[in-house]
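Here's input_22.cif, which has mmCIF, C-alpha atoms; chains and numbers go by the auth columns:
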```
data_model
loop_
_atom_site.group_PDB
_atom_site.id
_atom_site.type_symbol
_atom_site.label_atom_id
_atom_site.label_comp_id
_atom_site.label_asym_id
_atom_site.label_seq_id
_atom_site.Cartn_x
_atom_site.Cartn_y
_atom_site.Cartn_z
_atom_site.B_iso_or_equiv
_atom_site.auth_seq_id
_atom_site.auth_asym_id
ATOM 1 C CA MET A 1 2.819 0.760 -17.775 0.00 1 K
ATOM 2 C CA CYS A 2 1.350 -0.362 -14.441 0.00 2 K
ATOM 3 C CA LEU A 3 1.353 1.625 -11.230 0.00 3 K
ATOM 4 C CA ALA A 4 1.355 0.218 -7.723 0.00 4 K
ATOM 5 C CA ILE A 5 0.454 2.437 -4.796 0.00 5 K
ATOM 6 C CA PRO A 6 2.041 2.145 -1.331 0.00 6 K
ATOM 7 C CA ALA A 7 -0.385 1.302 1.481 0.00 7 K
ATOM 8 C CA GLU A 8 -0.376 0.318 5.142 0.00 8 K
ATOM 9 C CA VAL A 9 -2.497 -2.589 6.395 0.00 9 K
ATOM 10 C CA MET A 10 -4.862 -1.333 9.108 0.00 10 K
ATOM 11 C CA ARG A 11 -7.210 -4.300 9.657 0.00 11 K
ATOM 12 C CA ILE A 12 -7.498 -7.819 8.219 0.00 12 K
ATOM 13 C CA GLU A 13 -10.879 -9.380 7.444 0.00 13 K
ATOM 14 C CA GLY A 14 -10.398 -12.849 5.930 0.00 14 K
ATOM 15 C CA ALA A 15 -9.063 -12.524 2.377 0.00 15 K
ATOM 16 C CA TYR A 16 -9.270 -8.726 2.505 0.00 16 K
ATOM 17 C CA ALA A 17 -7.631 -5.928 4.436 0.00 17 K
ATOM 18 C CA LEU A 18 -8.537 -2.362 5.151 0.00 18 K
ATOM 19 C CA VAL A 19 -5.528 -0.322 4.051 0.00 19 K
ATOM 20 C CA ASP A 20 -4.551 3.327 4.308 0.00 20 K
ATOM 21 C CA ILE A 21 -3.406 4.892 1.046 0.00 21 K
ATOM 22 C CA MET A 22 -2.234 8.438 1.736 0.00 22 K
ATOM 23 C CA GLY A 23 -5.075 9.044 4.188 0.00 23 K
ATOM 24 C CA VAL A 24 -7.760 7.205 2.217 0.00 24 K
ATOM 25 C CA GLU A 25 -8.956 3.869 3.582 0.00 25 K
ATOM 26 C CA THR A 26 -9.939 1.157 1.110 0.00 26 K
ATOM 27 C CA LYS A 27 -10.420 -2.589 1.029 0.00 27 K
ATOM 28 C CA VAL A 28 -7.937 -4.751 -0.922 0.00 28 K
ATOM 29 C CA TYR A 29 -7.404 -8.459 -1.547 0.00 29 K
ATOM 30 C CA ILE A 30 -4.393 -9.716 0.452 0.00 30 K
ATOM 31 C CA LEU A 31 -4.004 -13.452 -0.230 0.00 31 K
ATOM 32 C CA LEU A 32 -1.198 -12.782 -2.735 0.00 32 K
ATOM 33 C CA ILE A 33 0.967 -11.770 0.255 0.00 33 K
ATOM 34 C CA GLU A 34 2.413 -14.525 2.454 0.00 34 K
ATOM 35 C CA GLU A 35 1.212 -14.141 6.061 0.00 35 K
ATOM 36 C CA PRO A 36 -0.091 -10.544 5.877 0.00 36 K
ATOM 37 C CA ARG A 37 -0.126 -8.678 9.198 0.00 37 K
ATOM 38 C CA ILE A 38 -1.541 -5.444 10.553 0.00 38 K
ATOM 39 C CA GLY A 39 1.069 -2.716 10.128 0.00 39 K
ATOM 40 C CA ASP A 40 2.597 -4.248 6.987 0.00 40 K
ATOM 41 C CA HIS A 41 3.504 -1.877 4.181 0.00 41 K
ATOM 42 C CA VAL A 42 2.430 -3.198 0.787 0.00 42 K
ATOM 43 C CA LEU A 43 2.138 -2.223 -2.845 0.00 43 K
ATOM 44 C CA VAL A 44 -1.432 -2.228 -4.161 0.00 44 K
ATOM 45 C CA HIS A 45 -2.319 -2.750 -7.812 0.00 45 K
ATOM 46 C CA ALA A 46 -5.813 -3.286 -9.220 0.00 46 K
ATOM 47 C CA GLY A 47 -7.329 -3.843 -5.786 0.00 47 K
ATOM 48 C CA CYS A 48 -4.756 -6.426 -4.704 0.00 48 K
ATOM 49 C CA ALA A 49 -1.798 -6.177 -2.344 0.00 49 K
ATOM 50 C CA ILE A 50 0.941 -7.595 -4.576 0.00 50 K
ATOM 51 C CA GLU A 51 4.121 -7.188 -2.537 0.00 51 K
ATOM 52 C CA ARG A 52 5.279 -6.424 1.008 0.00 52 K
ATOM 53 C CA ILE A 53 7.797 -3.564 1.157 0.00 53 K
ATOM 54 C CA HIS A 54 10.103 -2.053 3.788 0.00 54 K
ATOM 55 C CA LYS A 55 8.920 1.027 5.684 0.00 55 K
ATOM 56 C CA GLU A 56 11.741 3.146 4.209 0.00 56 K
ATOM 57 C CA TYR A 57 10.674 2.296 0.646 0.00 57 K
ATOM 58 C CA TYR A 58 7.018 2.886 1.585 0.00 58 K
ATOM 59 C CA SER A 59 7.899 6.370 2.902 0.00 59 K
ATOM 60 C CA PHE A 60 9.952 7.154 -0.213 0.00 60 K
ATOM 61 C CA LEU A 61 7.140 6.106 -2.569 0.00 61 K
ATOM 62 C CA GLU A 62 4.510 7.984 -0.588 0.00 62 K
ATOM 63 C CA GLU A 63 6.567 11.184 -0.802 0.00 63 K
ATOM 64 C CA GLN A 64 7.057 10.697 -4.549 0.00 64 K
ATOM 65 C CA TYR A 65 3.321 10.289 -5.140 0.00 65 K
ATOM 66 C CA LYS A 66 2.518 13.303 -2.946 0.00 66 K
ATOM 67 C CA SER A 67 5.056 15.365 -4.902 0.00 67 K
ATOM 68 C CA ILE A 68 3.445 14.370 -8.191 0.00 68 K
ATOM 69 C CA LEU A 69 -0.067 15.098 -6.918 0.00 69 K
ATOM 70 C CA ASP A 70 0.925 18.521 -5.523 0.00 70 K
ATOM 71 C CA ARG A 71 2.203 19.817 -8.869 0.00 71 K
ATOM 72 C CA ASP A 72 0.185 22.433 -10.707 0.00 72 K
ATOM 73 C CA GLY A 73 -1.046 21.690 -14.161 0.00 73 K
#
```
Would you mind giving the structure from this file in structure tokens?
Amino acid sequence: MCLAIPAEVMRIEGAYALVDIMGVETKVYILLIEEPRIGDHVLVHAGCAIERIHKEYYSFLEEQYKSILDRDG
């Protein structure tokens, strides 16, 4: 099974972008996305932005991950 994490593009630097993943900024490869832009919501897998997603889906996924991470045990 593979997991992709929702992220928001904050800054673009050539083939890479600085993205925000639940408050953590990291650099990811973005050339798999057609015409990436600042403010885009993307799915990140293995250091690459693999798909652009709608803001509603981004918000849903972020809440799901937060719910999983907040569980005890």
_Selected residue, from K:Arg52, K:Ala46, K:Phe60, K:Leu69, that lies nearest to K:Leu3 when counting all atoms listed in the file_ = K:Ala46
*So which residues touch stretch 18-31 of chain K within 9 Å, counting all atoms listed in the file, skipping near sequence neighbours fewer than 3 positions away, as a ChimeraX atom specification?*
/K:5-15,34-36,44,46-50,62,66
_Pick from K:Ala4, K:Tyr58, K:Gln64, K:Leu32, whichever lies nearest to K:Tyr16 using all atoms listed in the file_ = K:Leu32
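Separating atom CA of K:Cys2 from atom CA of K:Ile38 is a distance of 25.7 Å.
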*Check what the PyMOL selection byres ((chain K and resi 53) around 8) selects in the file above and give those residues as a PyMOL selection string.*
chain K and resi 40-43+51-52+54-55+57-58
